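S.K.: There's a structure below that I have some questions on.
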Amino acid sequence: MDAMTLLHERNSMGKLMGPAPSAEQLDAIYRAALRAPDHKELTPWRFIEFSGEGLERLGELFAEAEYREDPQTEDKKLNAARKKPLRAPMVIAVIAKVTPELPKVPKLEQVLSAGCAAHAMLMAAQAQGLGAMWRTGHFAFDATVRKGMGLGEHDEIVAFLYLGQPGGRNKPLPERDPADFVERWN
Ligand SMILES: Cc1cc2nc3c(=O)[nH]c(=O)nc-3n(C[C@H](O)[C@H](O)[C@H](O)COP(=O)(O)O)c2cc1C
């Protein structure tokens with residue numbers, strides 16, 4: 001697939017099956033992430049890769065977060081939270097490791113850089129025939145989940161990237177006209 005086709009046709013795939021990406025595919029995915037634009041070369045990116053029992057541990061954290069939010073939560077809702085990471089054979093959390101108090105590179109720029117890394121990872125996945133979807137949900141911002149994943153005070157979970165083999169049909173791409181989004185100062 002050529003680069004422009006990939007850029008124009010990236011498509012999320014929510015239905016994902018095993019096997020998880022291979023070691024070679026993952027290496028290519030991380031190498032794409034590490035080329036994200038990065039002001040002052042802070043490399044403000046970290047990744048936590050969940051597969052196998054790791055997905056179950058992440059699910060436990062989600063359920064714990066749900067319970068702490070509301071101890072009256074029904075079991076059904078706790079179980080739904082527990083199962084969320086199991087929707088794919090692999091989930092990669094993309095974390096912005098923010099260096100605070102850098103006037104020239106505010107937190108926003110560091111988080112954006114991690115967002116670019118996540119986008120590059122989606123692209124690298126699709127380029128290799130994998131399916132991928134960027135999710136956050138409220139768990140990405142939850143104190144229990146953040147603590148359980150060992151995040152520092154200034155770190156942000158930018159994405160939970162769900163990765164695997166495409167398990168469904170690609171949805172039609174939306175028709176969007178650049179003219180609707182672009183203002184030109186000539
Ligand atoms: C920061 C961010 C967080 C997102 N979180 C979720 C989410 O929690 N659940 C969800 O269904 N989609 C989420 N999405 C949207 C999907 O990843 C996807 O972009 C959307 O379904 C549109 O599909 P497309 O990417 O193929 O255009 C998120 C996207 C971004 C950029």
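Chain identifiers are assigned as A, B, and so on, following the order in which chains appear in the structure tokens; residues are numbered from 1 within each chain, and ligands are numbered from 1 in order of appearance.
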Please find the residues contacting ligand 1 at a distance of at most 8 Å between atoms, with only C-alpha atoms and all ligand atoms counted, and report them as a PyMOL selection string.
M.R.: chain A and resi 10-14+115+133-138+158-159+171+173-174
S.K.: So which residues touch Pro19 of chain A within 7 Å, counting only C-alpha atoms, skipping near sequence neighbours fewer than 3 positions away, as an NGL selection string?
M.R.: :A and (89 or 164-165)
S.K.: Those residues with N, CA, C and O atoms, as a PDB file, in the first residue's frame please?
M.R.:
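Final file, selection_6.pdb:
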ATOM      1  N   PRO A  89      -6.750  -9.269  20.837  1.00  0.00           N
ATOM      2  CA  PRO A  89      -5.677 -10.100  21.418  1.00  0.00           C
ATOM      3  C   PRO A  89      -4.538  -9.269  22.000  1.00  0.00           C
ATOM      4  O   PRO A  89      -3.674  -9.814  22.681  1.00  0.00           O
ATOM      5  N   GLY A 164      -5.136  -6.355  16.408  1.00  0.00           N
ATOM      6  CA  GLY A 164      -5.292  -7.775  16.103  1.00  0.00           C
ATOM      7  C   GLY A 164      -5.529  -7.970  14.618  1.00  0.00           C
ATOM      8  O   GLY A 164      -5.263  -7.075  13.804  1.00  0.00           O
ATOM      9  N   GLN A 165      -6.032  -9.146  14.294  1.00  0.00           N
ATOM     10  CA  GLN A 165      -6.384  -9.432  12.893  1.00  0.00           C
ATOM     11  C   GLN A 165      -7.788  -8.871  12.640  1.00  0.00           C
ATOM     12  O   GLN A 165      -8.667  -9.025  13.493  1.00  0.00           O
TER      13      GLN A 165
END
S.K.: From the DSSP assignment of the backbone, select every residue of segment 2-179 of chain A that is helix (DSSP H, G or I), and format the answer as a ChimeraX atom specification.
M.R.: /A:3-9,23-33,39-41,53-69,75-87,107-127,138-141,143-148,178-179
S.K.: Give me the residues within 7 Å of Ile95 of chain A as a PDB file with C-alpha atoms, in the first residue's frame, counting only C-alpha atoms and dropping any in the same chain fewer than 2 places off.
M.R.:
ATOM      1  CA  TRP A  45       6.268   8.393  24.938  1.00  0.00           C
ATOM      2  CA  ARG A  46       5.924   5.154  26.830  1.00  0.00           C
ATOM      3  CA  PHE A  47       3.980   2.055  25.922  1.00  0.00           C
ATOM      4  CA  ALA A  93      -1.518   1.847  26.167  1.00  0.00           C
ATOM      5  CA  LYS A  97       5.415  10.918  29.841  1.00  0.00           C
ATOM      6  CA  ALA A 114       2.166  11.085  22.072  1.00  0.00           C
ATOM      7  CA  ASP A 155       1.639  11.349  32.764  1.00  0.00           C
ATOM      8  CA  GLU A 156      -1.398  10.950  30.546  1.00  0.00           C
ATOM      9  CA  ILE A 157      -2.936   7.889  28.953  1.00  0.00           C
ATOM     10  CA  VAL A 158      -3.427   9.074  25.411  1.00  0.00           C
TER      11      VAL A 158
END
S.K.: Which of these, A:Leu163, A:Ile48, A:Ala65, A:Leu55, has the shortest distance to Gln128 of chain A once you count only C-alpha atoms?
M.R.: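 Closest candidate: A:Leu163.
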S.K.: Just how far from atom CA of Thr144 of chain A is atom CA of Gly54 of chain A, in Å to one decimal?
M.R.: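 That distance, rounded to one decimal, is 16.5 Å.
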S.K.: For Ala32 of chain A, please output as a PyMOL selection string all residues within 9 Å (counting only C-alpha atoms; exclusion window: fewer than 6 positions along the same chain).
M.R.: chain A and resi 117+120-121+123-124
S.K.: Could you dump the residues just selected with N, CA, C and O atoms as a PDB file, in the first residue's frame?
M.R.:
ATOM      1  N   ALA A 117       2.220   9.772  17.963  1.00  0.00           N
ATOM      2  CA  ALA A 117       2.808   8.423  18.039  1.00  0.00           C
ATOM      3  C   ALA A 117       1.697   7.378  17.915  1.00  0.00           C
ATOM      4  O   ALA A 117       1.834   6.389  17.176  1.00  0.00           O
ATOM      5  N   ALA A 120       0.546   7.172  14.353  1.00  0.00           N
ATOM      6  CA  ALA A 120       1.533   6.453  13.534  1.00  0.00           C
ATOM      7  C   ALA A 120       1.408   4.940  13.754  1.00  0.00           C
ATOM      8  O   ALA A 120       1.574   4.145  12.821  1.00  0.00           O
ATOM      9  N   MET A 121       1.102   4.567  14.975  1.00  0.00           N
ATOM     10  CA  MET A 121       0.970   3.133  15.285  1.00  0.00           C
ATOM     11  C   MET A 121      -0.243   2.533  14.560  1.00  0.00           C
ATOM     12  O   MET A 121      -0.197   1.408  14.058  1.00  0.00           O
ATOM     13  N   MET A 123      -1.402   3.586  11.768  1.00  0.00           N
ATOM     14  CA  MET A 123      -0.996   3.514  10.353  1.00  0.00           C
ATOM     15  C   MET A 123      -0.099   2.296  10.100  1.00  0.00           C
ATOM     16  O   MET A 123      -0.282   1.577   9.124  1.00  0.00           O
ATOM     17  N   ALA A 124       0.861   2.119  11.003  1.00  0.00           N
ATOM     18  CA  ALA A 124       1.805   1.004  10.821  1.00  0.00           C
ATOM     19  C   ALA A 124       1.079  -0.330  10.947  1.00  0.00           C
ATOM     20  O   ALA A 124       1.433  -1.308  10.287  1.00  0.00           O
TER      21      ALA A 124
END
S.K.: Apply DSSP to the structure's backbone, then extract all residues of segment 52-174 of chain A labelled strand (DSSP E) and return them as a PDB file with N, CA and C atoms, in the first residue's frame.
M.R.:
ATOM      1  N   MET A  90      -4.551  -7.982  21.692  1.00  0.00           N
ATOM      2  CA  MET A  90      -3.505  -7.113  22.278  1.00  0.00           C
ATOM      3  C   MET A  90      -4.035  -5.692  22.426  1.00  0.00           C
ATOM      4  N   VAL A  91      -3.662  -5.082  23.529  1.00  0.00           N
ATOM      5  CA  VAL A  91      -3.952  -3.656  23.735  1.00  0.00           C
ATOM      6  C   VAL A  91      -2.619  -2.998  24.089  1.00  0.00           C
ATOM      7  N   ILE A  92      -2.369  -1.872  23.454  1.00  0.00           N
ATOM      8  CA  ILE A  92      -1.175  -1.098  23.825  1.00  0.00           C
ATOM      9  C   ILE A  92      -1.629   0.253  24.375  1.00  0.00           C
ATOM     10  N   ALA A  93      -1.245   0.522  25.602  1.00  0.00           N
ATOM     11  CA  ALA A  93      -1.518   1.847  26.167  1.00  0.00           C
ATOM     12  C   ALA A  93      -0.399   2.778  25.723  1.00  0.00           C
ATOM     13  N   VAL A  94      -0.797   3.893  25.131  1.00  0.00           N
ATOM     14  CA  VAL A  94       0.171   4.924  24.737  1.00  0.00           C
ATOM     15  C   VAL A  94       0.108   6.023  25.793  1.00  0.00           C
ATOM     16  N   ILE A  95       1.259   6.276  26.388  1.00  0.00           N
ATOM     17  CA  ILE A  95       1.307   7.200  27.528  1.00  0.00           C
ATOM     18  C   ILE A  95       2.204   8.375  27.188  1.00  0.00           C
ATOM     19  N   ALA A  96       1.692   9.560  27.455  1.00  0.00           N
ATOM     20  CA  ALA A  96       2.538  10.753  27.351  1.00  0.00           C
ATOM     21  C   ALA A  96       3.270  10.899  28.677  1.00  0.00           C
ATOM     22  N   GLY A 131      -5.668  -5.036  12.017  1.00  0.00           N
ATOM     23  CA  GLY A 131      -6.756  -4.131  12.351  1.00  0.00           C
ATOM     24  C   GLY A 131      -6.389  -3.418  13.641  1.00  0.00           C
ATOM     25  N   ALA A 132      -6.906  -2.211  13.799  1.00  0.00           N
ATOM     26  CA  ALA A 132      -6.571  -1.442  15.002  1.00  0.00           C
ATOM     27  C   ALA A 132      -7.667  -0.446  15.310  1.00  0.00           C
ATOM     28  N   MET A 133      -7.807  -0.157  16.585  1.00  0.00           N
ATOM     29  CA  MET A 133      -8.752   0.892  16.996  1.00  0.00           C
ATOM     30  C   MET A 133      -8.230   1.614  18.225  1.00  0.00           C
ATOM     31  N   TRP A 134      -8.348   2.914  18.185  1.00  0.00           N
ATOM     32  CA  TRP A 134      -7.933   3.804  19.278  1.00  0.00           C
ATOM     33  C   TRP A 134      -9.132   3.993  20.187  1.00  0.00           C
ATOM     34  N   ARG A 135      -8.944   3.605  21.433  1.00  0.00           N
ATOM     35  CA  ARG A 135     -10.010   3.825  22.405  1.00  0.00           C
ATOM     36  C   ARG A 135      -9.415   4.507  23.641  1.00  0.00           C
ATOM     37  N   GLU A 156      -0.026  11.066  31.068  1.00  0.00           N
ATOM     38  CA  GLU A 156      -1.398  10.950  30.546  1.00  0.00           C
ATOM     39  C   GLU A 156      -1.520   9.705  29.690  1.00  0.00           C
ATOM     40  N   ILE A 157      -2.624   8.991  29.878  1.00  0.00           N
ATOM     41  CA  ILE A 157      -2.936   7.889  28.953  1.00  0.00           C
ATOM     42  C   ILE A 157      -3.611   8.526  27.751  1.00  0.00           C
ATOM     43  N   VAL A 158      -2.924   8.441  26.632  1.00  0.00           N
ATOM     44  CA  VAL A 158      -3.427   9.074  25.411  1.00  0.00           C
ATOM     45  C   VAL A 158      -4.309   8.110  24.631  1.00  0.00           C
ATOM     46  N   ALA A 159      -3.971   6.836  24.721  1.00  0.00           N
ATOM     47  CA  ALA A 159      -4.724   5.853  23.931  1.00  0.00           C
ATOM     48  C   ALA A 159      -4.609   4.465  24.535  1.00  0.00           C
ATOM     49  N   PHE A 160      -5.667   3.715  24.382  1.00  0.00           N
ATOM     50  CA  PHE A 160      -5.586   2.259  24.459  1.00  0.00           C
ATOM     51  C   PHE A 160      -5.776   1.798  23.016  1.00  0.00           C
ATOM     52  N   LEU A 161      -4.708   1.339  22.391  1.00  0.00           N
ATOM     53  CA  LEU A 161      -4.809   0.866  21.005  1.00  0.00           C
ATOM     54  C   LEU A 161      -5.133  -0.614  21.022  1.00  0.00           C
ATOM     55  N   TYR A 162      -6.269  -0.958  20.464  1.00  0.00           N
ATOM     56  CA  TYR A 162      -6.681  -2.357  20.351  1.00  0.00           C
ATOM     57  C   TYR A 162      -6.154  -2.872  19.016  1.00  0.00           C
ATOM     58  N   LEU A 163      -5.448  -3.973  19.056  1.00  0.00           N
ATOM     59  CA  LEU A 163      -4.776  -4.474  17.847  1.00  0.00           C
ATOM     60  C   LEU A 163      -5.030  -5.958  17.652  1.00  0.00           C
ATOM     61  N   GLY A 164      -5.136  -6.355  16.408  1.00  0.00           N
ATOM     62  CA  GLY A 164      -5.292  -7.775  16.103  1.00  0.00           C
ATOM     63  C   GLY A 164      -5.529  -7.970  14.618  1.00  0.00           C
ATOM     64  N   GLN A 165      -6.032  -9.146  14.294  1.00  0.00           N
ATOM     65  CA  GLN A 165      -6.384  -9.432  12.893  1.00  0.00           C
ATOM     66  C   GLN A 165      -7.788  -8.871  12.640  1.00  0.00           C
ATOM     67  N   PRO A 166      -7.990  -8.235  11.484  1.00  0.00           N
ATOM     68  CA  PRO A 166      -9.325  -7.689  11.202  1.00  0.00           C
ATOM     69  C   PRO A 166     -10.360  -8.811  11.249  1.00  0.00           C
TER      70      PRO A 166
END
S.K.: Do you know which residues are at most 8 Å from Leu61 of chain A counting only C-alpha atoms, after dropping those on the same chain fewer than 3 positions away, and could you put them as a ChimeraX atom specification?
M.R.: /A:57-58,64-65,82,144-145,148
S.K.: Can you pull out the residues contacting Glu109 of chain A? Cut-off 12 Å, using only C-alpha atoms, and skip same-chain residues under 4 positions away; I want them as a VMD selection string.
M.R.: chain A and resid 36 to 44 96 to 100 102 to 105 113 to 116
S.K.: Write out as a JSON list (two decimals) with N, CA and C atoms, in the first residue's frame which residues come within 12 Å of Lys76 of chain A when counting only C-alpha atoms, dropping same-chain ones fewer than 4 positions away.
M.R.:
[["chain", "number", "residue", "atom", "x", "y", "z"],
["A", 63, "ALA", "N", -12.52, -2.95, 36.17],
["A", 63, "ALA", "CA", -13.63, -3.31, 37.06],
["A", 63, "ALA", "C", -13.45, -2.64, 38.42],
["A", 66, "GLU", "N", -14.48, 0.90, 38.18],
["A", 66, "GLU", "CA", -15.94, 1.00, 38.14],
["A", 66, "GLU", "C", -16.50, 0.86, 39.57],
["A", 67, "TYR", "N", -15.95, -0.10, 40.31],
["A", 67, "TYR", "CA", -16.44, -0.35, 41.68],
["A", 67, "TYR", "C", -16.15, 0.84, 42.59],
["A", 72, "GLN", "N", -22.02, 0.50, 44.59],
["A", 72, "GLN", "CA", -23.33, -0.16, 44.36],
["A", 72, "GLN", "C", -23.45, -0.70, 42.92],
["A", 80, "ALA", "N", -18.82, -6.18, 32.52],
["A", 80, "ALA", "CA", -18.64, -5.53, 31.20],
["A", 80, "ALA", "C", -17.31, -4.79, 31.18],
["A", 81, "ALA", "N", -17.00, -4.11, 32.30],
["A", 81, "ALA", "CA", -15.72, -3.38, 32.37],
["A", 81, "ALA", "C", -14.55, -4.36, 32.30],
["A", 82, "ARG", "N", -14.71, -5.47, 33.02],
["A", 82, "ARG", "CA", -13.66, -6.50, 33.10],
["A", 82, "ARG", "C", -13.33, -7.06, 31.72],
["A", 83, "LYS", "N", -14.38, -7.14, 30.89],
["A", 83, "LYS", "CA", -14.21, -7.80, 29.58],
["A", 83, "LYS", "C", -13.71, -6.85, 28.49]]
S.K.: Name the closest residue to Asp2 of chain A among the candidates A:Ala127, A:Met149, A:Ala179, A:Leu112; distances are taken between atoms, counting only C-alpha atoms.
M.R.: A:Ala127
